[in-house]
file model01.txt (compact mmCIF, C-alpha atoms and all ligand atoms)
# COMPACT_ATOMS: atom_id res chain seq x y z
CA MET A 1 0.00 0.00 0.00
CA SER A 2 1.36 3.45 -0.85
CA ALA A 3 2.12 5.87 1.97
CA PRO A 4 -1.10 7.48 3.19
CA ILE A 5 -1.79 11.03 2.03
CA LEU A 6 -3.64 11.64 5.29
CA SER A 7 -3.12 10.02 8.70
CA THR A 8 -4.28 10.65 12.20
CA ARG A 9 -2.92 9.12 15.39
CA GLY A 10 -4.83 9.26 18.64
CA LEU A 11 -6.92 12.13 17.31
CA SER A 12 -9.33 13.32 19.99
CA ARG A 13 -11.65 16.19 20.77
CA ALA A 14 -13.61 16.79 23.92
CA PHE A 15 -16.31 19.44 24.41
CA HIS A 16 -16.78 20.22 28.09
CA GLY A 17 -16.28 16.63 29.14
CA LEU A 18 -18.11 15.11 26.16
CA GLN A 19 -15.65 13.03 24.11
CA ALA A 20 -16.85 13.80 20.57
CA VAL A 21 -13.84 12.12 18.89
CA SER A 22 -11.80 9.59 20.79
CA ASN A 23 -8.33 8.34 19.91
CA VAL A 24 -8.87 7.92 16.17
CA ASP A 25 -6.10 6.29 14.11
CA PHE A 26 -6.95 6.82 10.47
CA ASP A 27 -4.97 6.22 7.26
CA LEU A 28 -6.14 7.28 3.83
CA PRO A 29 -4.04 6.07 0.87
CA PRO A 30 -3.78 8.32 -2.19
CA ASN A 31 -6.43 8.01 -4.91
CA GLU A 32 -8.88 6.21 -2.69
CA VAL A 33 -12.52 7.20 -2.34
CA ARG A 34 -13.16 6.78 1.39
CA ALA A 35 -16.55 7.27 2.94
CA LEU A 36 -16.90 8.31 6.56
CA ILE A 37 -20.22 7.23 7.99
CA GLY A 38 -21.81 6.84 11.39
CA PRO A 39 -25.02 7.58 13.25
CA ASN A 40 -26.00 11.17 14.09
CA GLY A 41 -23.63 12.61 16.69
CA ALA A 42 -20.94 9.97 15.98
CA GLY A 43 -18.29 12.66 15.58
CA LYS A 44 -17.91 12.88 11.78
CA THR A 45 -18.13 16.65 11.51
CA THR A 46 -15.87 17.12 14.52
CA PHE A 47 -13.29 14.75 13.02
CA VAL A 48 -13.28 16.52 9.66
CA SER A 49 -13.22 19.95 11.30
CA MET A 50 -9.95 18.94 12.94
CA LEU A 51 -8.54 17.60 9.67
CA ILE A 52 -9.06 20.91 7.94
CA GLY A 53 -8.02 23.07 10.86
CA ARG A 54 -11.37 24.56 11.77
CA ILE A 55 -11.16 23.34 15.37
CA PRO A 56 -8.06 22.25 17.31
CA PRO A 57 -7.82 18.72 18.68
CA THR A 58 -7.59 18.14 22.41
CA GLY A 59 -5.19 15.25 21.69
CA GLY A 60 -3.39 13.44 18.88
CA ARG A 61 -1.72 14.39 15.61
CA ILE A 62 -2.65 14.85 11.94
CA ALA A 63 -0.22 14.24 9.06
CA PHE A 64 -0.93 15.33 5.50
CA ASP A 65 1.31 14.44 2.58
CA GLY A 66 4.16 13.42 4.85
CA ALA A 67 4.14 16.48 7.12
CA ASP A 68 2.61 17.09 10.54
CA VAL A 69 -0.12 19.72 10.00
CA THR A 70 -1.75 19.53 13.43
CA ASP A 71 -0.80 23.07 14.35
CA LEU A 72 -1.24 24.68 10.94
CA PRO A 73 -4.12 27.09 10.31
CA ALA A 74 -6.78 26.07 7.77
CA HIS A 75 -5.45 28.27 4.97
CA ALA A 76 -2.01 26.69 5.22
CA ARG A 77 -3.58 23.24 4.86
CA VAL A 78 -5.51 24.45 1.79
CA ALA A 79 -2.25 25.75 0.34
CA ARG A 80 -0.78 22.25 0.80
CA GLY A 81 -3.59 20.70 -1.19
CA MET A 82 -6.56 20.03 1.09
CA ALA A 83 -9.91 21.21 -0.23
CA TYR A 84 -13.22 20.89 1.50
CA THR A 85 -16.82 21.72 0.79
CA PHE A 86 -19.15 22.51 3.62
CA GLN A 87 -22.76 22.64 2.63
CA ILE A 88 -22.45 25.82 0.59
CA THR A 89 -21.17 27.91 3.46
CA SER A 90 -18.28 29.02 1.26
CA VAL A 91 -20.37 30.28 -1.68
CA PHE A 92 -20.78 34.06 -1.99
CA SER A 93 -24.37 34.35 -3.09
CA ARG A 94 -24.22 37.81 -4.73
CA LEU A 95 -21.12 37.03 -6.78
CA SER A 96 -21.34 35.30 -10.14
CA VAL A 97 -20.67 31.61 -10.49
CA HIS A 98 -17.47 32.46 -12.39
CA GLU A 99 -16.25 34.87 -9.73
CA ASN A 100 -16.85 32.37 -6.93
CA VAL A 101 -14.64 29.81 -8.65
CA ALA A 102 -12.10 32.51 -9.53
CA LEU A 103 -11.73 33.36 -5.83
CA ALA A 104 -10.78 29.75 -5.16
CA ALA A 105 -8.49 29.53 -8.21
CA ARG A 106 -6.60 32.68 -7.15
CA ARG A 107 -5.55 30.93 -3.95
CA ARG A 108 -3.49 28.60 -6.12
CA LEU A 109 -2.62 30.79 -9.09
CA GLY A 110 -2.32 34.27 -7.60
CA GLY A 111 -2.94 37.20 -9.94
CA ASP A 112 -2.33 35.47 -13.29
CA ALA A 113 -5.71 36.40 -14.82
CA ALA A 114 -5.42 34.19 -17.91
CA ALA A 115 -4.49 31.15 -15.83
CA VAL A 116 -7.31 31.86 -13.38
CA ASP A 117 -9.81 32.20 -16.25
CA GLY A 118 -8.65 28.91 -17.73
CA ALA A 119 -8.92 27.11 -14.40
CA VAL A 120 -12.43 28.51 -13.81
CA THR A 121 -13.65 27.44 -17.24
CA GLN A 122 -12.21 23.97 -16.76
CA ALA A 123 -13.67 23.50 -13.26
CA LEU A 124 -17.13 24.71 -14.29
CA ALA A 125 -17.09 22.41 -17.32
CA ARG A 126 -16.21 19.45 -15.05
CA VAL A 127 -19.29 19.94 -12.90
CA GLY A 128 -21.57 20.86 -15.81
CA LEU A 129 -22.08 24.51 -14.89
CA GLY A 130 -20.24 26.00 -17.87
CA ASP A 131 -23.37 27.70 -19.19
CA ARG A 132 -24.20 29.29 -15.81
CA ALA A 133 -20.90 31.16 -15.37
CA ASP A 134 -22.42 34.65 -15.51
CA ASP A 135 -25.38 33.95 -13.23
CA ALA A 136 -25.34 35.06 -9.62
CA ALA A 137 -24.65 32.11 -7.34
CA GLU A 138 -27.90 32.80 -5.49
CA ASP A 139 -29.86 32.15 -8.70
CA LEU A 140 -28.66 28.54 -8.84
CA SER A 141 -30.77 25.75 -7.42
CA TYR A 142 -29.53 24.26 -4.17
CA GLY A 143 -28.16 21.24 -6.02
CA HIS A 144 -26.28 23.43 -8.45
CA GLN A 145 -24.81 25.44 -5.58
CA ARG A 146 -23.43 22.17 -4.23
CA LEU A 147 -21.83 21.54 -7.64
CA LEU A 148 -20.48 25.09 -7.59
CA GLU A 149 -18.78 24.30 -4.30
CA ILE A 150 -17.17 21.25 -5.85
CA ALA A 151 -15.98 23.40 -8.76
CA MET A 152 -14.45 25.81 -6.22
CA GLY A 153 -12.62 22.88 -4.65
CA LEU A 154 -11.49 21.58 -8.05
CA ALA A 155 -10.04 24.96 -9.06
CA GLN A 156 -7.53 24.49 -6.25
CA LYS A 157 -6.34 21.21 -7.85
CA PRO A 158 -6.49 19.51 -4.47
CA ARG A 159 -4.57 16.39 -3.48
CA LEU A 160 -7.36 15.60 -1.02
CA MET A 161 -10.96 16.62 -1.40
CA ILE A 162 -13.22 16.42 1.64
CA LEU A 163 -16.91 16.49 0.75
CA ASP A 164 -19.36 16.99 3.59
CA GLU A 165 -22.76 15.58 2.69
CA PRO A 166 -22.48 16.51 -0.98
CA THR A 167 -25.74 14.87 -2.05
CA GLN A 168 -27.90 16.49 0.60
CA GLY A 169 -30.72 18.32 -1.15
CA LEU A 170 -29.95 16.87 -4.57
CA ALA A 171 -32.63 15.37 -6.79
CA GLU A 172 -32.20 11.75 -7.92
CA SER A 173 -31.05 12.83 -11.39
CA GLU A 174 -28.50 15.18 -9.81
CA ILE A 175 -27.23 12.37 -7.57
CA ALA A 176 -26.65 10.23 -10.65
CA ALA A 177 -24.60 13.03 -12.24
CA PHE A 178 -22.73 13.54 -8.97
CA LYS A 179 -21.71 9.87 -8.87
CA VAL A 180 -20.28 10.13 -12.39
CA LEU A 181 -18.37 13.25 -11.37
CA ILE A 182 -16.88 11.61 -8.28
CA ARG A 183 -15.71 8.62 -10.32
CA GLU A 184 -13.94 10.99 -12.71
CA LEU A 185 -12.36 12.96 -9.88
CA ALA A 186 -11.16 9.78 -8.17
CA ALA A 187 -8.74 9.25 -11.04
CA GLU A 188 -6.82 12.38 -10.11
CA THR A 189 -7.36 13.05 -6.42
CA THR A 190 -8.14 11.42 -3.09
CA ILE A 191 -11.66 11.81 -1.78
CA LEU A 192 -13.04 11.70 1.74
CA LEU A 193 -16.81 11.65 1.60
CA ILE A 194 -19.07 12.21 4.59
CA GLU A 195 -22.38 10.95 3.39
CA HIS A 196 -25.67 9.81 4.84
CA ASN A 197 -27.02 8.40 1.59
CA MET A 198 -26.05 4.73 1.90
CA ALA A 199 -26.74 3.94 -1.75
CA VAL A 200 -24.20 6.61 -2.74
CA VAL A 201 -21.69 5.35 -0.17
CA MET A 202 -22.00 1.73 -1.21
CA GLU A 203 -21.62 2.58 -4.87
CA LEU A 204 -18.77 5.09 -4.70
CA ALA A 205 -16.53 4.17 -1.78
CA ASP A 206 -13.47 1.96 -2.13
CA ARG A 207 -13.47 1.65 1.64
CA ILE A 208 -15.67 2.87 4.46
CA THR A 209 -14.74 4.03 7.96
CA VAL A 210 -17.55 3.86 10.50
CA LEU A 211 -17.50 6.16 13.51
CA ASN A 212 -19.65 5.52 16.55
CA PHE A 213 -19.51 7.50 19.79
CA GLY A 214 -16.33 9.16 18.51
CA GLU A 215 -14.46 5.91 17.93
CA VAL A 216 -13.71 3.88 14.82
CA LEU A 217 -16.20 1.04 15.00
CA ALA A 218 -15.26 -0.65 11.73
CA GLU A 219 -13.35 -0.13 8.51
CA GLY A 220 -13.56 -2.13 5.30
CA THR A 221 -14.95 -2.47 1.82
CA PRO A 222 -18.63 -1.69 1.25
CA ALA A 223 -19.41 -5.42 1.27
CA GLU A 224 -17.55 -5.92 4.56
CA ILE A 225 -19.26 -2.96 6.20
CA HIS A 226 -22.66 -4.03 4.90
CA ALA A 227 -22.19 -7.45 6.52
CA ASN A 228 -20.72 -6.13 9.80
CA ALA A 229 -22.93 -6.96 12.79
CA ASP A 230 -21.45 -4.16 14.97
CA VAL A 231 -22.30 -1.61 12.30
CA GLN A 232 -25.82 -2.90 11.93
CA ALA A 233 -26.29 -2.74 15.71
CA ALA A 234 -24.94 0.82 15.89
CA TYR A 235 -27.41 2.02 13.30
CA LEU A 236 -30.33 0.09 14.74
CA GLY A 237 -29.48 1.48 18.17
CA THR A 238 -30.05 5.02 16.95
CA GLY A 239 -33.12 4.37 14.85
CA GLY A 240 -31.46 3.24 11.64
CA ALA A 241 -29.23 4.84 9.04
CA ASP A 242 -30.92 8.05 8.01
CA ALA A 243 -30.50 7.36 4.35
N1 LIG A 301 -19.14 22.92 19.43
C1 LIG A 301 -19.62 21.92 20.15
N2 LIG A 301 -19.86 22.08 21.49
C2 LIG A 301 -20.32 21.04 22.22
N3 LIG A 301 -20.59 19.83 21.74
C3 LIG A 301 -20.38 19.60 20.43
C4 LIG A 301 -19.89 20.63 19.55
N4 LIG A 301 -19.79 20.11 18.32
C5 LIG A 301 -20.19 18.83 18.38
N5 LIG A 301 -20.56 18.52 19.66
C6 LIG A 301 -21.02 17.20 20.12
O1 LIG A 301 -20.07 16.24 19.71
C7 LIG A 301 -20.72 15.04 19.27
C8 LIG A 301 -20.31 14.73 17.86
O2 LIG A 301 -20.94 15.67 16.99
P1 LIG A 301 -20.67 15.75 15.42
O3 LIG A 301 -21.43 16.92 14.90
O4 LIG A 301 -19.22 15.71 15.16
O5 LIG A 301 -21.33 14.39 14.92
P2 LIG A 301 -21.72 13.96 13.43
O6 LIG A 301 -21.32 12.53 13.32
O7 LIG A 301 -21.16 14.90 12.46
O8 LIG A 301 -23.29 14.07 13.45
P3 LIG A 301 -24.33 14.38 12.25
O9 LIG A 301 -24.35 13.16 11.39
O10 LIG A 301 -25.61 14.56 12.99
O11 LIG A 301 -23.85 15.61 11.55
C9 LIG A 301 -22.21 15.27 19.48
O12 LIG A 301 -22.58 14.73 20.73
C10 LIG A 301 -22.34 16.77 19.47
O13 LIG A 301 -23.45 17.19 20.24
call {"tool": "encode", "arguments": {"input": "model01.txt", "output": "C-alpha cells"}}
result
Amino acid sequence: MSAPILSTRGLSRAFHGLQAVSNVDFDLPPNEVRALIGPNGAGKTTFVSMLIGRIPPTGGRIAFDGADVTDLPAHARVARGMAYTFQITSVFSRLSVHENVALAARRRLGGDAAAVDGAVTQALARVGLGDRADDAAEDLSYGHQRLLEIAMGLAQKPRLMILDEPTQGLAESEIAAFKVLIRELAAETTILLIEHNMAVVMELADRITVLNFGEVLAEGTPAEIHANADVQAAYLGTGGADA
C-alpha cells in the first residue's frame, strides 16, 4: 500500500467533558474514495473539522502528505492541497458563479488572470455549470450550488478533497450526475466523503470508515461494512441509518 496522504494518530476532541472524537487512528491512501459514515452525533463533523483546521484537537496528531499539519491554520492546509466543501457555506451568493470559482483559483494561481480564467472554465465544465458562469450564485438551485462548491474545490487542484454531505438536497437525477463526477475525480485526487445516503456510499466508496460514539467502529470495503454486525447494531441502536 502506498504511503497514506492523510493520517491521524490518537486524534481526539472533547467538548466540556463530552468526548466527541476519541483516539482515532486513520490512514487514507492516495487516490482512494473513502466514505466516513456513522449515526448522528458519531463525531464525523468534529473529526473533519480537525482535519481541515477549523477546530483544534484536544489530543493526537494529523499528518498530510508526509508532514505534521496539526498546528497549521486552515489556509495553510488548503495551500498544501486540502480542499473541503461545507454545505455551501463558502459560496458568496451575490457574486457570479465564475467569480466564486475565480476566488478559489486565485488561492493557487495568484494574480495570473489568464491562468485563473482557464482554471475557472475547466472547473465549471467538469461539474456541468459552464453555461451558468455569468449567473449570480444565489440564482442557482440548491443542487447546483453544491456543484459550484465542488468546482471551487477543483479549481484548487487539491490532493485531497473532503466532501461533507455533498448529495444532501440533490434530486435523484442530480445524484446520478454527482456519482459520475466523483468517479472521474477519483482518477486524479483522493476523496473523503461524509455521506448519509447509503446507496451513494455503497456505490462510490473503495473503503468505508464507521465512527460511533467518537471511535472507529469498523473499517472495510462496502461489502464488509454491509455485513458487519457491529455496524448494523450501531445504526439500529439510533433508529437506523438516516439514508
Ligand atoms: N461545538 C460543540 N460544542 C459542544 N458539543 C459539540 C460541539 N460540536 C459537536 N458537539 C457534540 O459532539 C458530538 C459529535 O458531533 P458531530 O457533529 O461531530 O457528529 P456527526 O457525526 O457529524 O453528526 P451528524 O451526522 O448529525 O452531523 C455530538 O454529541 C455533538 O453534540
call {"tool": "closest_atom_pairs", "arguments": {"input": "model01.txt", "of": "chain A", "to": "ligand LIG 301 (chain A)", "cutoff": "8 Å", "atoms": "only C-alpha atoms and all ligand atoms", "output": "JSON lines"}}
result
{"residue": "A:Ala14", "atom": "CA", "partner": "A:LIG301", "partner_atom": "O1", "distance": 7.7}
{"residue": "A:Phe15", "atom": "CA", "partner": "A:LIG301", "partner_atom": "C2", "distance": 4.8}
{"residue": "A:His16", "atom": "CA", "partner": "A:LIG301", "partner_atom": "C2", "distance": 6.9}
{"residue": "A:Leu18", "atom": "CA", "partner": "A:LIG301", "partner_atom": "O1", "distance": 6.8}
{"residue": "A:Gln19", "atom": "CA", "partner": "A:LIG301", "partner_atom": "O1", "distance": 7.0}
{"residue": "A:Ala20", "atom": "CA", "partner": "A:LIG301", "partner_atom": "O1", "distance": 4.1}
{"residue": "A:Val21", "atom": "CA", "partner": "A:LIG301", "partner_atom": "C8", "distance": 7.1}
{"residue": "A:Ile37", "atom": "CA", "partner": "A:LIG301", "partner_atom": "O6", "distance": 7.6}
{"residue": "A:Gly38", "atom": "CA", "partner": "A:LIG301", "partner_atom": "O6", "distance": 6.0}
{"residue": "A:Pro39", "atom": "CA", "partner": "A:LIG301", "partner_atom": "O9", "distance": 5.9}
{"residue": "A:Asn40", "atom": "CA", "partner": "A:LIG301", "partner_atom": "O10", "distance": 3.6}
{"residue": "A:Gly41", "atom": "CA", "partner": "A:LIG301", "partner_atom": "O5", "distance": 3.4}
{"residue": "A:Ala42", "atom": "CA", "partner": "A:LIG301", "partner_atom": "O6", "distance": 3.7}
{"residue": "A:Gly43", "atom": "CA", "partner": "A:LIG301", "partner_atom": "O4", "distance": 3.2}
{"residue": "A:Lys44", "atom": "CA", "partner": "A:LIG301", "partner_atom": "O6", "distance": 3.8}
{"residue": "A:Thr45", "atom": "CA", "partner": "A:LIG301", "partner_atom": "O7", "distance": 3.6}
{"residue": "A:Thr46", "atom": "CA", "partner": "A:LIG301", "partner_atom": "O4", "distance": 3.7}
{"residue": "A:Phe47", "atom": "CA", "partner": "A:LIG301", "partner_atom": "O4", "distance": 6.4}
{"residue": "A:His196", "atom": "CA", "partner": "A:LIG301", "partner_atom": "O9", "distance": 7.5}
{"residue": "A:Leu211", "atom": "CA", "partner": "A:LIG301", "partner_atom": "O6", "distance": 7.4}
{"residue": "A:Asn212", "atom": "CA", "partner": "A:LIG301", "partner_atom": "O6", "distance": 7.9}
{"residue": "A:Phe213", "atom": "CA", "partner": "A:LIG301", "partner_atom": "C8", "distance": 7.5}
{"residue": "A:Gly214", "atom": "CA", "partner": "A:LIG301", "partner_atom": "C8", "distance": 6.9}
call {"tool": "write_last_selection", "arguments": {"input": "model01.txt", "atoms": "C-alpha atoms", "output": "short mmCIF file (atom, residue, chain, number, x, y, z; two decimals), keeping the file's coordinate frame"}}
result
data_model
loop_
_atom_site.label_atom_id
_atom_site.label_comp_id
_atom_site.auth_asym_id
_atom_site.auth_seq_id
_atom_site.Cartn_x
_atom_site.Cartn_y
_atom_site.Cartn_z
CA ALA A 14 -13.61 16.79 23.92
CA PHE A 15 -16.31 19.44 24.41
CA HIS A 16 -16.78 20.22 28.09
CA LEU A 18 -18.11 15.11 26.16
CA GLN A 19 -15.65 13.03 24.11
CA ALA A 20 -16.85 13.80 20.57
CA VAL A 21 -13.84 12.12 18.89
CA ILE A 37 -20.22 7.23 7.99
CA GLY A 38 -21.81 6.84 11.39
CA PRO A 39 -25.02 7.58 13.25
CA ASN A 40 -26.00 11.17 14.09
CA GLY A 41 -23.63 12.61 16.69
CA ALA A 42 -20.94 9.97 15.98
CA GLY A 43 -18.29 12.66 15.58
CA LYS A 44 -17.91 12.88 11.78
CA THR A 45 -18.13 16.65 11.51
CA THR A 46 -15.87 17.12 14.52
CA PHE A 47 -13.29 14.75 13.02
CA HIS A 196 -25.67 9.81 4.84
CA LEU A 211 -17.50 6.16 13.51
CA ASN A 212 -19.65 5.52 16.55
CA PHE A 213 -19.51 7.50 19.79
CA GLY A 214 -16.33 9.16 18.51
#
call {"tool": "residues_near_point", "arguments": {"input": "model01.txt", "point": "(-8.2, 14.4, 19.8)", "cutoff": "9 Å", "atoms": "all atoms listed in the file", "output": "mmCIF file with C-alpha atoms, keeping the file's coordinate frame"}}
result
data_model
loop_
_atom_site.group_PDB
_atom_site.id
_atom_site.type_symbol
_atom_site.label_atom_id
_atom_site.label_comp_id
_atom_site.auth_asym_id
_atom_site.auth_seq_id
_atom_site.Cartn_x
_atom_site.Cartn_y
_atom_site.Cartn_z
ATOM 1 C CA ARG A 9 -2.920 9.120 15.390
ATOM 2 C CA GLY A 10 -4.830 9.260 18.640
ATOM 3 C CA LEU A 11 -6.920 12.130 17.310
ATOM 4 C CA SER A 12 -9.330 13.320 19.990
ATOM 5 C CA ARG A 13 -11.650 16.190 20.770
ATOM 6 C CA ALA A 14 -13.610 16.790 23.920
ATOM 7 C CA GLN A 19 -15.650 13.030 24.110
ATOM 8 C CA ALA A 20 -16.850 13.800 20.570
ATOM 9 C CA VAL A 21 -13.840 12.120 18.890
ATOM 10 C CA SER A 22 -11.800 9.590 20.790
ATOM 11 C CA ASN A 23 -8.330 8.340 19.910
ATOM 12 C CA VAL A 24 -8.870 7.920 16.170
ATOM 13 C CA PHE A 47 -13.290 14.750 13.020
ATOM 14 C CA MET A 50 -9.950 18.940 12.940
ATOM 15 C CA PRO A 56 -8.060 22.250 17.310
ATOM 16 C CA PRO A 57 -7.820 18.720 18.680
ATOM 17 C CA THR A 58 -7.590 18.140 22.410
ATOM 18 C CA GLY A 59 -5.190 15.250 21.690
ATOM 19 C CA GLY A 60 -3.390 13.440 18.880
ATOM 20 C CA ARG A 61 -1.720 14.390 15.610
#
call {"tool": "atom_distance", "arguments": {"input": "model01.txt", "atom1": "atom CA of Arg77 of chain A", "atom2": "atom CA of Leu28 of chain A"}}
result
16.2 Å
call {"tool": "closest_residue", "arguments": {"input": "model01.txt", "among": "A:Ile225, A:Ala125, A:Ile52, A:Ala113", "to": "Val69 of chain A", "atoms": "all atoms listed in the file"}}
result
A:Ile52
call {"tool": "closest_residue", "arguments": {"input": "model01.txt", "among": "A:Met198, A:Val210, A:Ala3, A:Glu32", "to": "Leu185 of chain A", "atoms": "only C-alpha atoms"}}
result
A:Glu32
call {"tool": "atom_distance", "arguments": {"input": "model01.txt", "atom1": "atom CA of Val33 of chain A", "atom2": "atom CA of Leu109 of chain A"}}
result
26.5 Å
call {"tool": "residues_around", "arguments": {"input": "model01.txt", "residues": "segment 5-7 of chain A", "least_positions_apart": "4", "cutoff": "6 Å", "atoms": "only C-alpha atoms", "output": "VMD selection string"}}
result
chain A and resid 26 to 30 62 to 65
call {"tool": "atom_distance", "arguments": {"input": "model01.txt", "atom1": "atom CA of Arg146 of chain A", "atom2": "atom CA of Ala115 of chain A"}}
result
24.0 Å
call {"tool": "closest_residue", "arguments": {"input": "model01.txt", "among": "A:Ile150, A:Ala233, A:Ala76, A:Ala114", "to": "Val91 of chain A", "atoms": "all atoms listed in the file"}}
result
A:Ile150
call {"tool": "closest_atom_pairs", "arguments": {"input": "model01.txt", "of": "segment 68-138 of chain A", "to": "segment 186-192 of chain A", "cutoff": "12 Å", "atoms": "all atoms listed in the file", "output": "JSON lines"}}
result
{"residue": "A:Gly81", "atom": "CA", "partner": "A:Thr189", "partner_atom": "CA", "distance": 10.0}
{"residue": "A:Met82", "atom": "CA", "partner": "A:Thr190", "partner_atom": "CA", "distance": 9.7}
{"residue": "A:Ala83", "atom": "CA", "partner": "A:Ile191", "partner_atom": "CA", "distance": 9.7}
{"residue": "A:Tyr84", "atom": "CA", "partner": "A:Leu192", "partner_atom": "CA", "distance": 9.2}
{"residue": "A:Thr85", "atom": "CA", "partner": "A:Leu192", "partner_atom": "CA", "distance": 10.8}
call {"tool": "closest_atom_pairs", "arguments": {"input": "model01.txt", "of": "segment 144-218 of chain A", "to": "segment 95-104 of chain A", "cutoff": "9 Å", "atoms": "all atoms listed in the file", "output": "tab-separated table"}}
result
residue	atom	partner	partner_atom	distance
A:Gln145	CA	A:Val97	CA	8.9
A:Leu148	CA	A:Val97	CA	7.1
A:Glu149	CA	A:Val101	CA	8.1
A:Ala151	CA	A:Val101	CA	6.5
A:Met152	CA	A:Val101	CA	4.7
A:Gly153	CA	A:Ala104	CA	7.1
A:Leu154	CA	A:Ala104	CA	8.7
A:Ala155	CA	A:Ala104	CA	6.2
A:Gln156	CA	A:Ala104	CA	6.3
call {"tool": "closest_residue", "arguments": {"input": "model01.txt", "among": "A:Leu129, A:Leu193, A:Ala105, A:Ala176", "to": "Leu160 of chain A", "atoms": "all atoms listed in the file"}}
result
A:Leu193
call {"tool": "closest_residue", "arguments": {"input": "model01.txt", "among": "A:Leu51, A:Ile162, A:Ala136, A:Val120", "to": "Phe92 of chain A", "atoms": "all atoms listed in the file"}}
result
A:Ala136
call {"tool": "closest_residue", "arguments": {"input": "model01.txt", "among": "A:Thr167, A:Leu204, A:Glu174, A:Glu215", "to": "Ala234 of chain A", "atoms": "only C-alpha atoms"}}
result
A:Glu215
call {"tool": "axis_aligned_box", "arguments": {"input": "model01.txt", "around": "segment 178-194 of chain A", "padding_each_side": "5 Å", "output": "JSON"}}
result
{"center_x": -14.8, "center_y": 11.1, "center_z": -4.1, "size_x": 25.9, "size_y": 14.9, "size_z": 27.3}
